[in-house]
$ cat data-v3.cif   # mmCIF, C-alpha atoms
data_run
#
loop_
_atom_site.group_PDB
_atom_site.id
_atom_site.type_symbol
_atom_site.label_atom_id
_atom_site.label_comp_id
_atom_site.auth_asym_id
_atom_site.auth_seq_id
_atom_site.Cartn_x
_atom_site.Cartn_y
_atom_site.Cartn_z
ATOM 1 C CA MET A 1 11.140 86.685 -60.438
ATOM 2 C CA SER A 2 10.222 87.639 -56.870
ATOM 3 C CA VAL A 3 11.422 91.021 -55.596
ATOM 4 C CA ARG A 4 14.376 91.008 -53.195
ATOM 5 C CA ILE A 5 16.074 94.302 -52.296
ATOM 6 C CA GLY A 6 19.494 94.982 -50.794
ATOM 7 C CA ILE A 7 20.189 98.139 -48.766
ATOM 8 C CA THR A 8 23.747 99.398 -48.305
ATOM 9 C CA GLN A 9 25.100 100.374 -44.894
ATOM 10 C CA ARG A 10 27.363 102.990 -43.378
ATOM 11 C CA ILE A 11 30.571 102.053 -41.514
ATOM 12 C CA VAL A 12 30.795 102.986 -37.829
ATOM 13 C CA GLN A 13 33.387 102.455 -35.103
ATOM 14 C CA ALA A 14 32.091 100.996 -31.829
ATOM 15 C CA SER A 15 33.233 103.178 -28.918
ATOM 16 C CA THR A 16 34.475 100.286 -26.747
ATOM 17 C CA TYR A 17 35.752 97.907 -29.439
ATOM 18 C CA LEU A 18 38.583 98.264 -31.922
ATOM 19 C CA GLU A 19 36.548 97.044 -34.854
ATOM 20 C CA PRO A 20 34.631 98.792 -37.641
ATOM 21 C CA ARG A 21 30.997 97.770 -37.998
ATOM 22 C CA ASP A 22 28.390 98.011 -40.717
ATOM 23 C CA ALA A 23 25.247 99.772 -39.525
ATOM 24 C CA LEU A 24 21.787 100.523 -40.858
ATOM 25 C CA ALA A 25 19.428 102.898 -39.058
ATOM 26 C CA GLN A 26 16.390 101.202 -37.551
ATOM 27 C CA ASP A 27 14.321 103.800 -39.413
ATOM 28 C CA TRP A 28 14.850 101.731 -42.547
ATOM 29 C CA ALA A 29 13.098 98.684 -41.114
ATOM 30 C CA HIS A 30 10.070 100.775 -40.172
ATOM 31 C CA TYR A 31 10.019 102.482 -43.544
ATOM 32 C CA MET A 32 10.341 99.291 -45.580
ATOM 33 C CA ASN A 33 7.534 97.754 -43.547
ATOM 34 C CA ALA A 34 5.335 100.707 -44.544
ATOM 35 C CA ALA A 35 6.447 101.120 -48.152
ATOM 36 C CA LEU A 36 7.109 97.532 -49.273
ATOM 37 C CA PRO A 37 5.619 95.299 -46.554
ATOM 38 C CA ASP A 38 5.609 92.115 -48.640
ATOM 39 C CA VAL A 39 9.102 92.523 -50.088
ATOM 40 C CA PRO A 40 12.074 90.709 -48.488
ATOM 41 C CA TRP A 41 15.141 92.889 -48.053
ATOM 42 C CA LEU A 42 18.524 92.627 -46.386
ATOM 43 C CA PRO A 43 21.323 94.983 -45.273
ATOM 44 C CA LEU A 44 24.384 94.585 -47.471
ATOM 45 C CA PRO A 45 27.809 94.236 -45.836
ATOM 46 C CA ASN A 46 30.721 96.366 -46.977
ATOM 47 C CA LEU A 47 32.784 93.709 -48.757
ATOM 48 C CA GLY A 48 34.429 95.669 -51.539
ATOM 49 C CA SER A 49 34.709 93.593 -54.717
ATOM 50 C CA ASP A 50 33.329 90.510 -52.958
ATOM 51 C CA ILE A 51 29.906 92.144 -52.693
ATOM 52 C CA VAL A 52 29.044 91.089 -56.251
ATOM 53 C CA GLN A 53 29.117 87.384 -55.438
ATOM 54 C CA PHE A 54 27.176 88.090 -52.250
ATOM 55 C CA ALA A 55 24.486 89.958 -54.232
ATOM 56 C CA ARG A 56 24.263 87.132 -56.762
ATOM 57 C CA SER A 57 23.947 84.487 -54.062
ATOM 58 C CA TRP A 58 20.967 86.339 -52.536
ATOM 59 C CA ASN A 59 19.319 86.817 -55.937
ATOM 60 C CA LEU A 60 18.913 90.551 -55.441
ATOM 61 C CA THR A 61 16.503 92.240 -57.843
ATOM 62 C CA GLY A 62 16.891 95.831 -56.611
ATOM 63 C CA LEU A 63 19.311 98.099 -54.776
ATOM 64 C CA ILE A 64 18.916 100.972 -52.304
ATOM 65 C CA LEU A 65 22.013 103.087 -51.671
ATOM 66 C CA SER A 66 21.384 104.494 -48.190
ATOM 67 C CA GLY A 67 22.652 107.695 -46.555
ATOM 68 C CA GLY A 68 25.717 108.274 -44.417
ATOM 69 C CA GLU A 69 29.296 109.327 -44.998
ATOM 70 C CA THR A 70 30.142 111.682 -47.853
ATOM 71 C CA PRO A 71 31.727 109.732 -50.737
ATOM 72 C CA GLY A 72 35.489 109.636 -50.169
ATOM 73 C CA GLU A 73 35.283 109.305 -46.378
ATOM 74 C CA ALA A 74 34.838 105.514 -46.280
ATOM 75 C CA PRO A 75 36.832 103.891 -49.118
ATOM 76 C CA LEU A 76 35.561 100.359 -48.439
ATOM 77 C CA ARG A 77 31.974 101.528 -48.623
ATOM 78 C CA ASP A 78 32.699 103.515 -51.781
ATOM 79 C CA LYS A 79 34.196 100.413 -53.404
ATOM 80 C CA THR A 80 31.284 98.244 -52.296
ATOM 81 C CA GLU A 81 28.701 100.631 -53.674
ATOM 82 C CA SER A 82 30.584 101.193 -56.930
ATOM 83 C CA MET A 83 30.653 97.437 -57.499
ATOM 84 C CA LEU A 84 26.946 97.208 -56.690
ATOM 85 C CA ILE A 85 26.098 100.015 -59.111
ATOM 86 C CA GLU A 86 27.905 98.180 -61.909
ATOM 87 C CA PHE A 87 26.309 94.872 -60.884
ATOM 88 C CA ALA A 88 22.837 96.428 -60.988
ATOM 89 C CA ARG A 89 23.473 97.972 -64.382
ATOM 90 C CA ASP A 90 24.850 94.720 -65.795
ATOM 91 C CA TYR A 91 21.647 92.928 -64.790
ATOM 92 C CA ASP A 92 19.271 95.864 -65.465
ATOM 93 C CA LEU A 93 18.197 96.083 -61.819
ATOM 94 C CA PRO A 94 16.536 99.197 -60.349
ATOM 95 C CA ILE A 95 18.704 101.425 -58.152
ATOM 96 C CA LEU A 96 17.391 104.048 -55.730
ATOM 97 C CA GLY A 97 19.946 106.352 -54.097
ATOM 98 C CA VAL A 98 19.023 108.232 -50.915
ATOM 99 C CA CYS A 99 21.045 111.352 -49.967
ATOM 100 C CA ARG A 100 24.620 110.005 -49.910
ATOM 101 C CA GLY A 101 23.262 107.374 -52.308
ATOM 102 C CA LEU A 102 22.532 110.029 -54.922
ATOM 103 C CA GLN A 103 25.912 111.619 -54.249
ATOM 104 C CA MET A 104 27.567 108.234 -54.758
ATOM 105 C CA LEU A 105 25.757 107.779 -58.061
ATOM 106 C CA ALA A 106 26.996 111.215 -59.115
ATOM 107 C CA VAL A 107 30.624 110.535 -58.156
ATOM 108 C CA HIS A 108 30.522 107.114 -59.810
ATOM 109 C CA ASN A 109 29.415 108.807 -63.019
ATOM 110 C CA GLY A 110 32.133 111.456 -62.967
ATOM 111 C CA CYS A 111 30.262 114.363 -61.343
ATOM 112 C CA GLY A 112 31.735 116.567 -58.633
ATOM 113 C CA LEU A 113 30.377 117.539 -55.230
ATOM 114 C CA ALA A 114 30.411 120.915 -53.478
ATOM 115 C CA VAL A 115 29.446 122.145 -50.024
ATOM 116 C CA CYS A 116 25.885 123.469 -49.930
ATOM 117 C CA ASP A 117 24.275 126.113 -47.730
ATOM 118 C CA PRO A 118 23.806 124.492 -44.292
ATOM 119 C CA ASP A 119 20.964 126.850 -43.425
ATOM 120 C CA ARG A 120 18.963 125.429 -46.325
ATOM 121 C CA HIS A 121 20.046 121.791 -46.227
ATOM 122 C CA ALA A 122 21.411 120.657 -42.830
ATOM 123 C CA ALA A 123 18.777 119.339 -40.393
ATOM 124 C CA THR A 124 15.946 121.402 -41.872
ATOM 125 C CA ARG A 125 12.995 121.191 -44.257
ATOM 126 C CA HIS A 126 12.513 122.934 -47.575
ATOM 127 C CA LYS A 127 10.282 123.029 -50.624
ATOM 128 C CA LEU A 128 10.961 121.259 -53.886
ATOM 129 C CA GLN A 129 10.401 122.576 -57.357
ATOM 130 C CA ILE A 130 9.464 119.694 -59.621
ATOM 131 C CA THR A 131 11.239 120.113 -62.958
ATOM 132 C CA HIS A 132 9.988 117.032 -64.816
ATOM 133 C CA HIS A 133 6.311 116.685 -65.679
ATOM 134 C CA ASP A 134 6.190 112.945 -64.890
ATOM 135 C CA ALA A 135 7.798 113.238 -61.439
ATOM 136 C CA ALA A 136 5.433 112.620 -58.504
ATOM 137 C CA MET A 137 7.240 113.620 -55.317
ATOM 138 C CA PRO A 138 6.592 115.365 -51.990
ATOM 139 C CA SER A 139 6.365 119.145 -52.192
ATOM 140 C CA VAL A 140 8.250 119.598 -48.886
ATOM 141 C CA VAL A 141 11.067 117.307 -47.749
ATOM 142 C CA ASN A 142 13.513 116.888 -44.888
ATOM 143 C CA SER A 143 17.143 117.735 -45.558
ATOM 144 C CA PHE A 144 20.236 116.400 -43.783
ATOM 145 C CA HIS A 145 23.021 116.822 -46.313
ATOM 146 C CA THR A 146 26.035 119.111 -46.528
ATOM 147 C CA MET A 147 27.066 118.359 -50.120
ATOM 148 C CA THR A 148 25.388 119.025 -53.439
ATOM 149 C CA ILE A 149 26.023 117.774 -56.978
ATOM 150 C CA ILE A 150 27.894 120.012 -59.423
ATOM 151 C CA PRO A 151 26.568 120.103 -63.014
ATOM 152 C CA PRO A 152 27.045 119.202 -65.786
ATOM 153 C CA LEU A 153 25.379 115.832 -65.333
ATOM 154 C CA PRO A 154 25.778 112.788 -67.573
ATOM 155 C CA ALA A 155 23.759 113.046 -70.779
ATOM 156 C CA SER A 156 21.494 110.172 -69.729
ATOM 157 C CA TRP A 157 20.437 111.896 -66.478
ATOM 158 C CA ASN A 158 17.234 113.888 -66.035
ATOM 159 C CA ILE A 159 16.765 116.360 -63.181
ATOM 160 C CA LEU A 160 13.400 115.650 -61.548
ATOM 161 C CA ALA A 161 13.429 118.227 -58.743
ATOM 162 C CA VAL A 162 15.525 121.066 -57.325
ATOM 163 C CA GLU A 163 15.453 123.033 -54.077
ATOM 164 C CA GLN A 164 13.012 125.860 -54.664
ATOM 165 C CA ASN A 165 15.353 128.735 -53.793
ATOM 166 C CA ASP A 166 18.976 127.802 -54.472
ATOM 167 C CA ARG A 167 18.140 125.378 -57.327
ATOM 168 C CA THR A 168 20.464 122.650 -56.075
ATOM 169 C CA ILE A 169 19.662 119.187 -57.385
ATOM 170 C CA GLU A 170 17.234 117.196 -55.222
ATOM 171 C CA ALA A 171 16.186 114.300 -57.467
ATOM 172 C CA ILE A 172 17.316 112.672 -60.711
ATOM 173 C CA SER A 173 16.509 109.724 -62.937
ATOM 174 C CA ALA A 174 18.935 107.887 -65.198
ATOM 175 C CA ASP A 175 19.315 104.745 -67.278
ATOM 176 C CA GLY A 176 15.842 105.113 -68.729
ATOM 177 C CA GLY A 177 14.319 105.396 -65.270
ATOM 178 C CA ARG A 178 16.002 102.284 -63.835
ATOM 179 C CA THR A 179 18.086 104.546 -61.585
ATOM 180 C CA VAL A 180 16.551 107.215 -59.344
ATOM 181 C CA GLY A 181 18.275 109.400 -56.756
ATOM 182 C CA ILE A 182 16.776 111.671 -54.095
ATOM 183 C CA MET A 183 18.520 113.957 -51.598
ATOM 184 C CA TRP A 184 16.000 113.653 -48.763
ATOM 185 C CA HIS A 185 15.421 110.772 -46.303
ATOM 186 C CA PRO A 186 11.996 109.099 -46.652
ATOM 187 C CA GLU A 187 12.891 106.715 -43.825
ATOM 188 C CA ARG A 188 13.347 109.553 -41.309
ATOM 189 C CA GLU A 189 9.780 110.844 -41.487
ATOM 190 C CA SER A 190 7.711 109.973 -38.396
ATOM 191 C CA THR A 191 4.809 109.293 -40.775
ATOM 192 C CA PRO A 192 6.012 108.105 -44.180
ATOM 193 C CA SER A 193 4.951 110.305 -47.068
ATOM 194 C CA ASN A 194 2.477 108.702 -49.463
ATOM 195 C CA ASP A 195 4.421 110.271 -52.345
ATOM 196 C CA ASP A 196 7.642 108.621 -51.158
ATOM 197 C CA ILE A 197 5.907 105.280 -50.666
ATOM 198 C CA MET A 198 4.497 105.403 -54.189
ATOM 199 C CA LEU A 199 7.917 106.360 -55.562
ATOM 200 C CA PHE A 200 9.426 103.222 -53.990
ATOM 201 C CA ARG A 201 6.573 100.999 -55.143
ATOM 202 C CA ARG A 202 6.679 102.260 -58.729
ATOM 203 C CA HIS A 203 10.425 101.813 -58.808
ATOM 204 C CA PHE A 204 10.767 98.329 -57.345
ATOM 205 C CA LEU A 205 7.517 96.442 -57.878
ATOM 206 C CA PRO A 206 6.502 94.795 -61.156
ATOM 207 C CA THR A 207 3.800 96.754 -62.946
ATOM 208 C CA ASN A 208 1.232 94.015 -62.301
ATOM 209 C CA GLN A 209 1.528 94.361 -58.488
#

$ encode --input "data-v3.cif" --output "structure tokens"
Amino acid sequence: MSVRIGITQRIVQASTYLEPRDALAQDWAHYMNAALPDVPWLPLPNLGSDIVQFARSWNLTGLILSGGETPGEAPLRDKTESMLIEFARDYDLPILGVCRGLQMLAVHNGCGLAVCDPDRHAATRHKLQITHHDAAMPSVVNSFHTMTIIPPLPASWNILAVEQNDRTIEAISADGGRTVGIMWHPERESTPSNDDIMLFRRHFLPTNQ
């Protein structure tokens, strides 16, 4: 089966129109062109329960949960992404959560969120401590989040990396590696990290590519 990835979107309100809009940062197009240049992908609309039929009709083989609003702030997006998480698990599709995407995976699996130290995590950079011997990730990452995941985690989750100083969770794997979550934004780097690119390629491409 050919690879076809869907990327979720945040919900924004246009300043001069009384209508909510789905939006995906242009950074994602640049990043996907660098990381997975031969892979077709599409932004996924916030449709709630109807997103499952949409995902089936486009024959999606992988899912990226992008950043944006904290879970709980946009109920339609939360519903859409929850349905997509279950859809991906039902069909054994790889999921990669980015920032809010990892938070959404945590909330969907019964974890809580707490406010983190803004000096360490809001619009800054920090070092990672890799906690899993098989994890290949950048040693320094950008950070744009205000929430962190509260342990305990589901039994099937493995912590791959934490922030070096405050030990907050920065990366996890779950479902035997089919689900990965990271708290930084690979798409926001002016020059994409080779470690991030390889993470995406290992996660979404068949082993023979």

$ atom_distance --input "data-v3.cif" --atom1 "atom CA of Arg120 of chain A" --atom2 "atom CA of Met32 of chain A"
27.5 Å

$ closest_atom_pairs --input "data-v3.cif" --of "segment 61-155 of chain A" --to "segment 161-176 of chain A" --cutoff "6 Å" --atoms "only C-alpha atoms" --output "Markdown table"
| residue | atom | partner | partner_atom | distance |
| --- | --- | --- | --- | --- |
| A:Lys127 | CA | A:Gln164 | CA | 5.6 |
| A:Leu128 | CA | A:Glu163 | CA | 4.8 |
| A:Gln129 | CA | A:Gln164 | CA | 5.0 |
| A:Ile130 | CA | A:Ala161 | CA | 4.3 |
| A:Thr131 | CA | A:Ala161 | CA | 5.1 |

$ write_last_selection --input "data-v3.cif" --atoms "C-alpha atoms" --output "compact mmCIF listing (two decimals), in the frame of the given file"
# COMPACT_ATOMS: atom_id res chain seq x y z
CA LYS A 127 10.28 123.03 -50.62
CA LEU A 128 10.96 121.26 -53.89
CA GLN A 129 10.40 122.58 -57.36
CA ILE A 130 9.46 119.69 -59.62
CA THR A 131 11.24 120.11 -62.96

$ closest_atom_pairs --input "data-v3.cif" --of "segment 105-130 of chain A" --to "segment 144-152 of chain A" --cutoff "8 Å" --atoms "only C-alpha atoms" --output "Markdown table"
| residue | atom | partner | partner_atom | distance |
| --- | --- | --- | --- | --- |
| A:Ala106 | CA | A:Ile149 | CA | 7.0 |
| A:Cys111 | CA | A:Ile150 | CA | 6.4 |
| A:Gly112 | CA | A:Ile150 | CA | 5.2 |
| A:Leu113 | CA | A:Ile149 | CA | 4.7 |
| A:Ala114 | CA | A:Thr148 | CA | 5.4 |
| A:Val115 | CA | A:Met147 | CA | 4.5 |
| A:Cys116 | CA | A:Met147 | CA | 5.2 |
| A:Asp117 | CA | A:Thr146 | CA | 7.3 |
| A:Pro118 | CA | A:Thr146 | CA | 6.2 |
| A:His121 | CA | A:His145 | CA | 5.8 |
| A:Ala122 | CA | A:Phe144 | CA | 4.5 |
| A:Ala123 | CA | A:Phe144 | CA | 4.7 |
| A:Thr124 | CA | A:Phe144 | CA | 6.9 |

$ residues_around --input "data-v3.cif" --residues "Leu63 of chain A" --least-positions-apart "5" --cutoff "8 Å" --atoms "only C-alpha atoms" --output "ChimeraX atom specification"
/A:5-8,84,88,93-96

$ residues_around --input "data-v3.cif" --residues "Asn142 of chain A" --least-positions-apart "3" --cutoff "7 Å" --atoms "only C-alpha atoms" --output "list in words"
Thr124, Arg125, His126, Trp184 and His185 of chain A

$ residues_around --input "data-v3.cif" --residues "segment 190-201 of chain A" --least-positions-apart "6" --cutoff "7 Å" --atoms "only C-alpha atoms" --output "list in words"
Tyr31, Ala35, Leu36, Ala136, Met137 and Pro138 of chain A

$ closest_residue --input "data-v3.cif" --among "A:His132, A:Arg202, A:His108, A:Arg188" --to "Thr80 of chain A" --atoms "only C-alpha atoms"
A:His108

$ atom_distance --input "data-v3.cif" --atom1 "atom CA of Met83 of chain A" --atom2 "atom CA of Asp38 of chain A"
27.1 Å

$ atom_distance --input "data-v3.cif" --atom1 "atom CA of Ile85 of chain A" --atom2 "atom CA of His133 of chain A"
26.7 Å

$ closest_residue --input "data-v3.cif" --among "A:Leu102, A:Val107, A:Ala23, A:Leu153" --to "Pro45 of chain A" --atoms "all atoms listed in the file"
A:Ala23

$ residues_around --input "data-v3.cif" --residues "segment 73-77 of chain A" --least-positions-apart "3" --cutoff "8 Å" --atoms "all atoms listed in the file" --output "count of residues only"
10

$ closest_residue --input "data-v3.cif" --among "A:Glu187, A:Val52, A:Trp157, A:Cys99" --to "Glu86 of chain A" --atoms "all atoms listed in the file"
A:Val52

$ closest_residue --input "data-v3.cif" --among "A:Pro37, A:Gly101, A:Pro43, A:Pro206" --to "Pro71 of chain A" --atoms "all atoms listed in the file"
A:Gly101

$ closest_residue --input "data-v3.cif" --among "A:Leu44, A:Leu65, A:Ser2, A:Leu60" --to "Arg21 of chain A" --atoms "all atoms listed in the file"
A:Leu44

$ closest_residue --input "data-v3.cif" --among "A:Asn33, A:Arg4, A:Trp41, A:Met183" --to "Thr61 of chain A" --atoms "all atoms listed in the file"
A:Arg4
